[in-house]
file protein_27.txt (compact mmCIF, N, CA and C atoms)
# COMPACT_ATOMS: atom_id res chain seq x y z
N MET A 374 273.28 -2.80 58.93
CA MET A 374 273.68 -1.48 58.48
C MET A 374 272.61 -0.47 58.89
N VAL A 375 273.07 0.71 59.26
CA VAL A 375 272.13 1.75 59.67
C VAL A 375 271.29 2.17 58.47
N THR A 376 270.00 2.28 58.68
CA THR A 376 269.12 2.75 57.61
C THR A 376 268.41 4.02 58.06
N TYR A 377 268.99 4.66 59.04
CA TYR A 377 268.37 5.84 59.60
C TYR A 377 269.24 7.06 59.33
N HIS A 378 268.62 8.10 58.84
CA HIS A 378 269.32 9.35 58.59
C HIS A 378 268.86 10.37 59.63
N MET A 379 269.80 10.95 60.35
CA MET A 379 269.44 11.93 61.36
C MET A 379 269.02 13.25 60.72
N THR A 380 268.06 13.89 61.36
CA THR A 380 267.68 15.24 60.94
C THR A 380 268.80 16.19 61.33
N GLU A 381 268.70 17.43 60.90
CA GLU A 381 269.72 18.42 61.24
C GLU A 381 269.82 18.60 62.75
N ALA A 382 268.68 18.71 63.43
CA ALA A 382 268.69 18.87 64.89
C ALA A 382 269.30 17.66 65.57
N GLU A 383 268.95 16.47 65.11
CA GLU A 383 269.51 15.25 65.69
C GLU A 383 271.02 15.20 65.47
N GLY A 384 271.47 15.63 64.31
CA GLY A 384 272.89 15.66 64.02
C GLY A 384 273.64 16.63 64.92
N LEU A 385 273.05 17.76 65.23
CA LEU A 385 273.68 18.73 66.12
C LEU A 385 273.85 18.15 67.52
N LEU A 386 272.81 17.50 68.02
CA LEU A 386 272.89 16.89 69.34
C LEU A 386 273.87 15.72 69.33
N ALA A 387 273.84 14.94 68.26
CA ALA A 387 274.76 13.81 68.15
C ALA A 387 276.21 14.27 68.22
N GLU A 388 276.53 15.37 67.55
CA GLU A 388 277.90 15.88 67.58
C GLU A 388 278.31 16.26 69.00
N LEU A 389 277.39 16.88 69.75
CA LEU A 389 277.69 17.22 71.14
C LEU A 389 277.96 15.97 71.97
N ILE A 390 277.13 14.95 71.76
CA ILE A 390 277.31 13.71 72.52
C ILE A 390 278.64 13.06 72.16
N TRP A 391 278.91 12.90 70.87
CA TRP A 391 280.17 12.27 70.45
C TRP A 391 281.38 13.03 71.00
N GLU A 392 281.26 14.34 71.07
CA GLU A 392 282.37 15.17 71.55
C GLU A 392 282.59 15.03 73.05
N HIS A 393 281.51 14.78 73.82
CA HIS A 393 281.61 14.82 75.28
C HIS A 393 281.27 13.51 75.99
N GLU A 394 281.00 12.46 75.27
CA GLU A 394 280.57 11.23 75.95
C GLU A 394 281.67 10.58 76.76
N PRO A 395 281.28 9.87 77.81
CA PRO A 395 279.93 9.78 78.36
C PRO A 395 279.55 11.11 79.02
N ILE A 396 278.29 11.45 78.89
CA ILE A 396 277.82 12.72 79.45
C ILE A 396 276.48 12.49 80.14
N GLY A 397 276.36 13.05 81.32
CA GLY A 397 275.09 12.98 82.04
C GLY A 397 274.02 13.72 81.25
N SER A 398 272.80 13.21 81.30
CA SER A 398 271.74 13.85 80.52
C SER A 398 271.49 15.28 80.98
N GLY A 399 271.63 15.56 82.28
CA GLY A 399 271.48 16.93 82.78
C GLY A 399 272.56 17.84 82.23
N ASP A 400 273.80 17.32 82.16
CA ASP A 400 274.90 18.11 81.59
C ASP A 400 274.69 18.32 80.10
N LEU A 401 274.12 17.33 79.44
CA LEU A 401 273.82 17.47 78.01
C LEU A 401 272.78 18.57 77.78
N VAL A 402 271.78 18.63 78.66
CA VAL A 402 270.77 19.69 78.56
C VAL A 402 271.43 21.06 78.70
N LYS A 403 272.33 21.20 79.67
CA LYS A 403 273.03 22.48 79.86
C LYS A 403 273.90 22.82 78.65
N LEU A 404 274.60 21.83 78.13
CA LEU A 404 275.47 22.04 76.97
C LEU A 404 274.65 22.44 75.74
N ALA A 405 273.52 21.76 75.53
CA ALA A 405 272.66 22.09 74.39
C ALA A 405 272.07 23.49 74.53
N ALA A 406 271.79 23.90 75.75
CA ALA A 406 271.28 25.26 75.99
C ALA A 406 272.37 26.29 75.64
N GLN A 407 273.60 26.00 76.07
CA GLN A 407 274.71 26.93 75.80
C GLN A 407 275.07 26.99 74.32
N ARG A 408 275.24 25.83 73.73
CA ARG A 408 275.76 25.78 72.35
C ARG A 408 274.68 25.95 71.29
N LEU A 409 273.48 25.44 71.58
CA LEU A 409 272.44 25.41 70.54
C LEU A 409 271.26 26.32 70.86
N GLY A 410 271.20 26.82 72.09
CA GLY A 410 270.09 27.67 72.49
C GLY A 410 268.80 26.88 72.70
N TRP A 411 268.93 25.60 73.01
CA TRP A 411 267.76 24.73 73.15
C TRP A 411 267.21 24.75 74.57
N LYS A 412 265.90 24.52 74.67
CA LYS A 412 265.25 24.32 75.96
C LYS A 412 265.43 22.86 76.37
N LYS A 413 265.23 22.61 77.65
CA LYS A 413 265.35 21.26 78.20
C LYS A 413 264.45 20.28 77.44
N SER A 414 263.21 20.68 77.18
CA SER A 414 262.26 19.79 76.52
C SER A 414 262.71 19.44 75.10
N THR A 415 263.30 20.39 74.41
CA THR A 415 263.80 20.14 73.05
C THR A 415 264.91 19.11 73.08
N THR A 416 265.85 19.31 74.00
CA THR A 416 266.98 18.38 74.10
C THR A 416 266.49 16.97 74.39
N TYR A 417 265.58 16.83 75.35
CA TYR A 417 265.10 15.48 75.70
C TYR A 417 264.29 14.86 74.57
N THR A 418 263.55 15.66 73.82
CA THR A 418 262.78 15.13 72.69
C THR A 418 263.72 14.60 71.60
N VAL A 419 264.74 15.38 71.27
CA VAL A 419 265.69 14.97 70.23
C VAL A 419 266.51 13.78 70.73
N LEU A 420 266.91 13.79 71.99
CA LEU A 420 267.67 12.69 72.56
C LEU A 420 266.86 11.39 72.52
N ARG A 421 265.59 11.47 72.87
CA ARG A 421 264.73 10.28 72.83
C ARG A 421 264.69 9.70 71.42
N LYS A 422 264.58 10.56 70.43
CA LYS A 422 264.49 10.12 69.04
C LYS A 422 265.77 9.40 68.60
N ILE A 423 266.94 9.96 68.90
CA ILE A 423 268.17 9.32 68.45
C ILE A 423 268.48 8.06 69.27
N CYS A 424 267.95 7.99 70.47
CA CYS A 424 268.10 6.75 71.25
C CYS A 424 267.16 5.66 70.71
N GLU A 425 265.96 6.03 70.31
CA GLU A 425 265.00 5.07 69.74
C GLU A 425 265.55 4.45 68.45
N ASN A 426 266.38 5.20 67.74
CA ASN A 426 266.91 4.71 66.48
C ASN A 426 268.23 3.96 66.63
N GLY A 427 268.63 3.70 67.87
CA GLY A 427 269.76 2.83 68.13
C GLY A 427 271.14 3.44 67.95
N ILE A 428 271.21 4.75 67.82
CA ILE A 428 272.50 5.39 67.63
C ILE A 428 273.14 5.74 68.98
N PHE A 429 272.30 6.10 69.94
CA PHE A 429 272.75 6.45 71.28
C PHE A 429 271.91 5.72 72.31
N GLN A 430 272.38 5.75 73.55
CA GLN A 430 271.60 5.19 74.65
C GLN A 430 271.69 6.13 75.83
N ASN A 431 270.63 6.14 76.62
CA ASN A 431 270.56 6.96 77.83
C ASN A 431 270.22 6.01 78.97
N LYS A 432 271.25 5.52 79.64
CA LYS A 432 271.06 4.57 80.74
C LYS A 432 271.51 5.21 82.03
N ALA A 433 270.66 5.15 83.03
CA ALA A 433 270.96 5.74 84.35
C ALA A 433 271.37 7.19 84.21
N ALA A 434 270.71 7.90 83.30
CA ALA A 434 270.93 9.33 83.05
C ALA A 434 272.33 9.64 82.52
N VAL A 435 272.97 8.65 81.90
CA VAL A 435 274.25 8.86 81.25
C VAL A 435 274.10 8.50 79.77
N VAL A 436 274.44 9.44 78.91
CA VAL A 436 274.27 9.27 77.47
C VAL A 436 275.60 8.84 76.85
N THR A 437 275.55 7.75 76.08
CA THR A 437 276.71 7.26 75.35
C THR A 437 276.26 6.82 73.97
N SER A 438 277.24 6.69 73.08
CA SER A 438 276.91 6.25 71.72
C SER A 438 276.95 4.74 71.65
N LYS A 439 276.10 4.20 70.81
CA LYS A 439 276.15 2.78 70.48
C LYS A 439 276.92 2.60 69.17
N ILE A 440 277.02 3.69 68.41
CA ILE A 440 277.73 3.71 67.13
C ILE A 440 278.62 4.96 67.14
N SER A 441 279.89 4.79 66.86
CA SER A 441 280.79 5.94 66.82
C SER A 441 280.43 6.85 65.64
N ARG A 442 280.89 8.07 65.71
CA ARG A 442 280.66 9.02 64.61
C ARG A 442 281.22 8.46 63.31
N GLU A 443 282.42 7.91 63.37
CA GLU A 443 283.07 7.37 62.18
C GLU A 443 282.26 6.20 61.60
N GLU A 444 281.76 5.33 62.47
CA GLU A 444 280.96 4.19 62.02
C GLU A 444 279.65 4.67 61.40
N TYR A 445 279.02 5.67 62.02
CA TYR A 445 277.77 6.21 61.49
C TYR A 445 278.01 6.77 60.08
N ILE A 446 279.07 7.54 59.91
CA ILE A 446 279.37 8.12 58.60
C ILE A 446 279.67 7.03 57.58
N ARG A 447 280.43 6.02 57.98
CA ARG A 447 280.75 4.91 57.08
C ARG A 447 279.48 4.20 56.62
N ARG A 448 278.60 3.93 57.57
CA ARG A 448 277.35 3.24 57.23
C ARG A 448 276.46 4.10 56.33
N LYS A 449 276.44 5.41 56.60
CA LYS A 449 275.68 6.32 55.73
C LYS A 449 276.22 6.29 54.32
N GLY A 450 277.54 6.27 54.19
CA GLY A 450 278.16 6.20 52.87
C GLY A 450 277.81 4.92 52.14
N GLU A 451 277.86 3.81 52.86
CA GLU A 451 277.49 2.52 52.26
C GLU A 451 276.03 2.53 51.83
N GLN A 452 275.18 3.09 52.67
CA GLN A 452 273.75 3.18 52.34
C GLN A 452 273.54 4.04 51.10
N TYR A 453 274.25 5.15 51.02
CA TYR A 453 274.14 6.04 49.86
C TYR A 453 274.55 5.31 48.59
N LEU A 454 275.67 4.60 48.64
CA LEU A 454 276.12 3.83 47.47
C LEU A 454 275.07 2.80 47.06
N GLU A 455 274.54 2.11 48.06
CA GLU A 455 273.55 1.06 47.77
C GLU A 455 272.30 1.66 47.12
N GLU A 456 271.81 2.75 47.67
CA GLU A 456 270.57 3.36 47.18
C GLU A 456 270.72 4.05 45.83
N ASN A 457 271.90 4.61 45.56
CA ASN A 457 272.06 5.43 44.37
C ASN A 457 272.92 4.82 43.27
N TYR A 458 273.76 3.86 43.61
CA TYR A 458 274.69 3.29 42.63
C TYR A 458 274.73 1.77 42.69
N ASN A 459 273.64 1.16 43.15
CA ASN A 459 273.54 -0.30 43.28
C ASN A 459 274.72 -0.89 44.04
N GLY A 460 275.23 -0.14 45.01
CA GLY A 460 276.33 -0.60 45.84
C GLY A 460 277.68 -0.60 45.15
N SER A 461 277.77 0.01 43.99
CA SER A 461 279.00 -0.02 43.19
C SER A 461 279.85 1.23 43.40
N LEU A 462 280.98 1.06 44.04
CA LEU A 462 281.92 2.17 44.20
C LEU A 462 282.46 2.65 42.85
N PRO A 463 282.80 1.75 41.92
CA PRO A 463 283.25 2.23 40.60
C PRO A 463 282.20 3.09 39.89
N ASN A 464 280.92 2.74 40.00
CA ASN A 464 279.87 3.56 39.38
C ASN A 464 279.81 4.94 40.01
N PHE A 465 279.97 5.00 41.34
CA PHE A 465 279.98 6.28 42.03
C PHE A 465 281.18 7.12 41.59
N VAL A 466 282.35 6.52 41.55
CA VAL A 466 283.56 7.25 41.15
C VAL A 466 283.42 7.76 39.71
N ALA A 467 282.89 6.93 38.82
CA ALA A 467 282.70 7.35 37.43
C ALA A 467 281.75 8.55 37.34
N ALA A 468 280.67 8.51 38.11
CA ALA A 468 279.73 9.64 38.11
C ALA A 468 280.39 10.89 38.68
N PHE A 469 281.17 10.72 39.73
CA PHE A 469 281.87 11.84 40.35
C PHE A 469 282.85 12.47 39.37
N LEU A 470 283.58 11.63 38.66
CA LEU A 470 284.62 12.13 37.76
C LEU A 470 284.06 12.82 36.51
N LYS A 471 282.79 12.59 36.21
CA LYS A 471 282.17 13.29 35.08
C LYS A 471 282.03 14.78 35.38
N ARG A 472 281.99 15.15 36.65
CA ARG A 472 281.80 16.55 37.03
C ARG A 472 283.05 17.20 37.60
N LYS A 473 283.96 16.39 38.11
CA LYS A 473 285.12 16.97 38.78
C LYS A 473 286.36 16.16 38.45
N LYS A 474 287.40 16.85 38.07
CA LYS A 474 288.67 16.20 37.76
C LYS A 474 289.51 16.08 39.04
N LEU A 475 290.24 14.98 39.13
CA LEU A 475 291.13 14.78 40.26
C LEU A 475 292.52 15.32 39.94
N SER A 476 293.19 15.79 40.96
CA SER A 476 294.57 16.24 40.78
C SER A 476 295.47 15.00 40.70
N LYS A 477 296.67 15.20 40.22
CA LYS A 477 297.63 14.10 40.14
C LYS A 477 297.87 13.50 41.52
N LYS A 478 297.97 14.36 42.52
CA LYS A 478 298.19 13.90 43.90
C LYS A 478 297.01 13.05 44.38
N GLN A 479 295.78 13.47 44.11
CA GLN A 479 294.61 12.70 44.51
C GLN A 479 294.59 11.33 43.84
N ILE A 480 294.95 11.29 42.57
CA ILE A 480 295.00 10.01 41.85
C ILE A 480 296.04 9.10 42.47
N GLU A 481 297.20 9.65 42.78
CA GLU A 481 298.25 8.85 43.41
C GLU A 481 297.80 8.31 44.77
N GLU A 482 297.09 9.13 45.54
CA GLU A 482 296.59 8.69 46.85
C GLU A 482 295.57 7.56 46.69
N LEU A 483 294.73 7.66 45.68
CA LEU A 483 293.75 6.60 45.42
C LEU A 483 294.43 5.30 44.99
N VAL A 484 295.45 5.40 44.16
CA VAL A 484 296.19 4.20 43.72
C VAL A 484 296.81 3.51 44.92
N VAL A 485 297.43 4.28 45.82
CA VAL A 485 298.03 3.70 47.02
C VAL A 485 296.95 3.02 47.87
N LEU A 486 295.82 3.67 48.04
CA LEU A 486 294.72 3.10 48.82
C LEU A 486 294.21 1.81 48.21
N ILE A 487 294.02 1.79 46.92
CA ILE A 487 293.55 0.59 46.23
C ILE A 487 294.57 -0.53 46.36
N ASP A 488 295.84 -0.21 46.18
CA ASP A 488 296.90 -1.22 46.31
C ASP A 488 296.90 -1.85 47.69
N GLU A 489 296.61 -1.07 48.73
CA GLU A 489 296.58 -1.59 50.10
C GLU A 489 295.47 -2.61 50.29
N TYR A 490 294.41 -2.53 49.52
CA TYR A 490 293.25 -3.41 49.71
C TYR A 490 293.17 -4.54 48.68
N LYS A 491 294.15 -4.64 47.82
CA LYS A 491 294.16 -5.73 46.84
C LYS A 491 294.37 -7.05 47.57
N ASP A 492 293.81 -8.12 47.04
CA ASP A 492 293.96 -9.45 47.64
C ASP A 492 295.39 -9.90 47.63

call {"tool": "encode", "arguments": {"input": "protein_27.txt", "output": "structure tokens"}}
result
Amino acid sequence: MVTYHMTEAEGLLAELIWEHEPIGSGDLVKLAAQRLGWKKSTTYTVLRKICENGIFQNKAAVVTSKISREEYIRRKGEQYLEENYNGSLPNFVAAFLKRKKLSKKQIEELVVLIDEYKD
């Protein structure tokens, strides 16, 4: 499971990569300059960091993800549950519901989802 949380800058670059992959590193530099106002050195520094953490790879000057955006988010959610609620989804839901009420439609959607995953 991923135990790495991207910084805001890393997340911005990650979104560009996920949106355009596979992307040449030179094209990524141009895209980051256009969309984020970054210099070449900034892009390569942030890219190196997210590649070191195993989320992306830069091979032969082509950047691709090793983990999809959806997988990264899923793993982050699992990590959050583990760190804050001892891995218990019911404990998380109970804490959530103390502050916010669900609509009837949301409850029905959750019941359908739970029914789909029953043994």

call {"tool": "select_by_dssp", "arguments": {"input": "protein_27.txt", "residues": "chain A", "states": "strand (DSSP E)", "output": "list in words"}}
result
Ile396, Gly397, Phe429, Gln430, Asn431, Lys432, Val435, Val436, Thr437 and Ser438 of chain A

call {"tool": "select_by_dssp", "arguments": {"input": "protein_27.txt", "residues": "stretch 433-483 of chain A", "states": "alpha helix (DSSP H)", "output": "ChimeraX atom specification"}}
result
/A:442-458,462-472,477-483

call {"tool": "atom_distance", "arguments": {"input": "protein_27.txt", "atom1": "atom CA of A:Gly450", "atom2": "atom CA of A:Glu394"}}
result
23.7 Å

call {"tool": "residues_around", "arguments": {"input": "protein_27.txt", "residues": "stretch 396-401 of chain A", "least_positions_apart": "3", "cutoff": "6.5 Å", "atoms": "all atoms listed in the file", "output": "list of chain:residue names"}}
result
A:His393, A:Leu404, A:Ala405, A:Ala406, A:Ala434, A:Val435, A:Val436, A:Thr437

call {"tool": "closest_residue", "arguments": {"input": "protein_27.txt", "among": "A:Val466, A:Glu383, A:Lys471, A:Glu455", "to": "A:Lys422", "atoms": "only N, CA and C atoms"}}
result
A:Glu383

call {"tool": "atom_distance", "arguments": {"input": "protein_27.txt", "atom1": "atom CA of A:Gly384", "atom2": "atom CA of A:Lys403"}}
result
17.2 Å

call {"tool": "atom_distance", "arguments": {"input": "protein_27.txt", "atom1": "atom CA of A:Phe465", "atom2": "atom CA of A:Gln452"}}
result
12.4 Å

call {"tool": "closest_residue", "arguments": {"input": "protein_27.txt", "among": "A:Ile423, A:Ala382, A:Trp391, A:Tyr458", "to": "A:Ser441", "atoms": "all atoms listed in the file"}}
result
A:Trp391

call {"tool": "closest_residue", "arguments": {"input": "protein_27.txt", "among": "A:Ala468, A:Leu385, A:His378, A:Glu444", "to": "A:Leu420", "atoms": "only C-alpha atoms"}}
result
A:Leu385

call {"tool": "decode", "arguments": {"input": "protein_27.txt", "residues": "chain A", "atoms": "C-alpha atoms", "output": "short mmCIF file (atom, residue, chain, number, x, y, z; two decimals), in the first residue's frame"}}
result
data_model
loop_
_atom_site.label_atom_id
_atom_site.label_comp_id
_atom_site.auth_asym_id
_atom_site.auth_seq_id
_atom_site.Cartn_x
_atom_site.Cartn_y
_atom_site.Cartn_z
CA MET A 374 0.00 0.00 0.00
CA VAL A 375 1.20 3.49 -0.79
CA THR A 376 2.46 5.29 2.29
CA TYR A 377 3.42 8.43 0.45
CA HIS A 378 1.37 11.59 0.34
CA MET A 379 2.10 13.97 -2.51
CA THR A 380 2.65 17.64 -1.81
CA GLU A 381 0.40 20.16 -3.53
CA ALA A 382 3.01 20.78 -6.26
CA GLU A 383 3.50 17.05 -6.79
CA GLY A 384 -0.26 16.60 -7.03
CA LEU A 385 -0.52 19.30 -9.70
CA LEU A 386 2.15 17.66 -11.82
CA ALA A 387 0.65 14.22 -11.21
CA GLU A 388 -2.70 15.40 -12.55
CA LEU A 389 -1.03 16.66 -15.72
CA ILE A 390 0.74 13.35 -16.19
CA TRP A 391 -2.39 11.26 -15.56
CA GLU A 392 -4.30 13.44 -18.01
CA HIS A 393 -1.71 13.22 -20.81
CA GLU A 394 0.27 10.01 -20.34
CA PRO A 395 2.33 8.73 -21.90
CA ILE A 396 4.01 12.09 -22.28
CA GLY A 397 7.54 13.00 -23.24
CA SER A 398 9.39 14.75 -20.46
CA GLY A 399 10.08 17.74 -22.76
CA ASP A 400 6.37 18.00 -23.55
CA LEU A 401 5.61 17.76 -19.84
CA VAL A 402 7.96 20.69 -19.20
CA LYS A 403 6.12 22.75 -21.83
CA LEU A 404 2.72 21.76 -20.43
CA ALA A 405 3.76 22.60 -16.86
CA ALA A 406 5.03 25.99 -18.07
CA GLN A 407 1.71 26.70 -19.81
CA ARG A 408 -0.66 25.40 -17.15
CA LEU A 409 1.29 25.96 -13.94
CA GLY A 410 3.75 28.71 -14.84
CA TRP A 411 6.67 26.48 -13.85
CA LYS A 412 10.27 26.67 -15.00
CA LYS A 413 11.98 23.64 -16.52
CA SER A 414 14.03 23.08 -13.36
CA THR A 415 10.93 23.09 -11.16
CA THR A 416 9.17 20.53 -13.32
CA TYR A 417 12.17 18.20 -13.36
CA THR A 418 12.67 18.54 -9.59
CA VAL A 419 9.04 17.68 -8.85
CA LEU A 420 9.05 14.90 -11.45
CA ARG A 421 12.16 13.35 -9.91
CA LYS A 422 10.49 13.34 -6.49
CA ILE A 423 7.29 11.62 -7.63
CA CYS A 424 9.32 9.09 -9.62
CA GLU A 425 11.51 8.33 -6.57
CA ASN A 426 8.35 7.55 -4.62
CA GLY A 427 7.20 4.95 -7.12
CA ILE A 428 4.10 6.71 -8.40
CA PHE A 429 5.50 7.58 -11.83
CA GLN A 430 8.43 6.58 -14.00
CA ASN A 431 10.52 8.48 -16.52
CA LYS A 432 12.08 5.98 -18.91
CA ALA A 433 13.72 7.05 -22.16
CA ALA A 434 12.32 10.55 -21.56
CA VAL A 435 8.73 9.26 -21.54
CA VAL A 436 6.73 9.74 -18.34
CA THR A 437 4.06 7.21 -17.37
CA SER A 438 2.28 6.28 -14.18
CA LYS A 439 3.04 3.16 -12.21
CA ILE A 440 -0.16 3.72 -10.22
CA SER A 441 -3.37 5.07 -11.76
CA ARG A 442 -5.03 8.13 -10.26
CA GLU A 443 -7.91 5.97 -9.05
CA GLU A 444 -5.54 3.46 -7.42
CA TYR A 445 -3.58 6.26 -5.74
CA ILE A 446 -6.78 7.75 -4.30
CA ARG A 447 -8.00 4.33 -3.16
CA ARG A 448 -4.72 3.61 -1.40
CA LYS A 449 -4.74 7.05 0.22
CA GLY A 450 -8.23 6.36 1.52
CA GLU A 451 -7.18 3.00 2.93
CA GLN A 452 -4.15 4.62 4.55
CA TYR A 453 -6.34 7.33 6.07
CA LEU A 454 -8.72 4.74 7.53
CA GLU A 455 -5.82 2.74 8.92
CA GLU A 456 -4.12 5.75 10.51
CA ASN A 457 -7.23 7.43 11.91
CA TYR A 458 -9.85 4.71 12.48
CA ASN A 459 -7.78 1.54 13.02
CA GLY A 460 -8.76 0.45 9.51
CA SER A 461 -12.45 0.37 10.43
CA LEU A 462 -14.86 1.69 7.83
CA PRO A 463 -17.80 1.48 10.29
CA ASN A 464 -15.87 3.69 12.76
CA PHE A 465 -15.22 6.22 10.00
CA VAL A 466 -18.87 6.23 8.90
CA ALA A 467 -20.04 6.64 12.51
CA ALA A 468 -17.71 9.61 13.00
CA PHE A 469 -18.85 11.12 9.70
CA LEU A 470 -22.51 10.74 10.58
CA LYS A 471 -22.06 12.57 13.89
CA ARG A 472 -21.48 15.76 11.88
CA LYS A 473 -23.47 15.25 8.72
CA LYS A 474 -26.78 13.59 8.01
CA LEU A 475 -27.28 11.52 4.89
CA SER A 476 -30.21 12.00 2.56
CA LYS A 477 -32.63 9.15 1.98
CA LYS A 478 -31.17 8.72 -1.51
CA GLN A 479 -27.60 8.49 -0.14
CA ILE A 480 -28.69 5.87 2.39
CA GLU A 481 -30.37 3.85 -0.34
CA GLU A 482 -27.22 4.05 -2.49
CA LEU A 483 -25.11 2.81 0.42
CA VAL A 484 -27.49 -0.10 1.09
CA VAL A 485 -27.26 -1.15 -2.57
CA LEU A 486 -23.46 -0.90 -2.45
CA ILE A 487 -23.23 -2.95 0.74
CA ASP A 488 -25.61 -5.58 -0.66
CA GLU A 489 -23.36 -5.94 -3.73
CA TYR A 490 -20.37 -6.81 -1.52
CA LYS A 491 -22.07 -9.22 0.88
CA ASP A 492 -20.70 -12.77 0.85
#
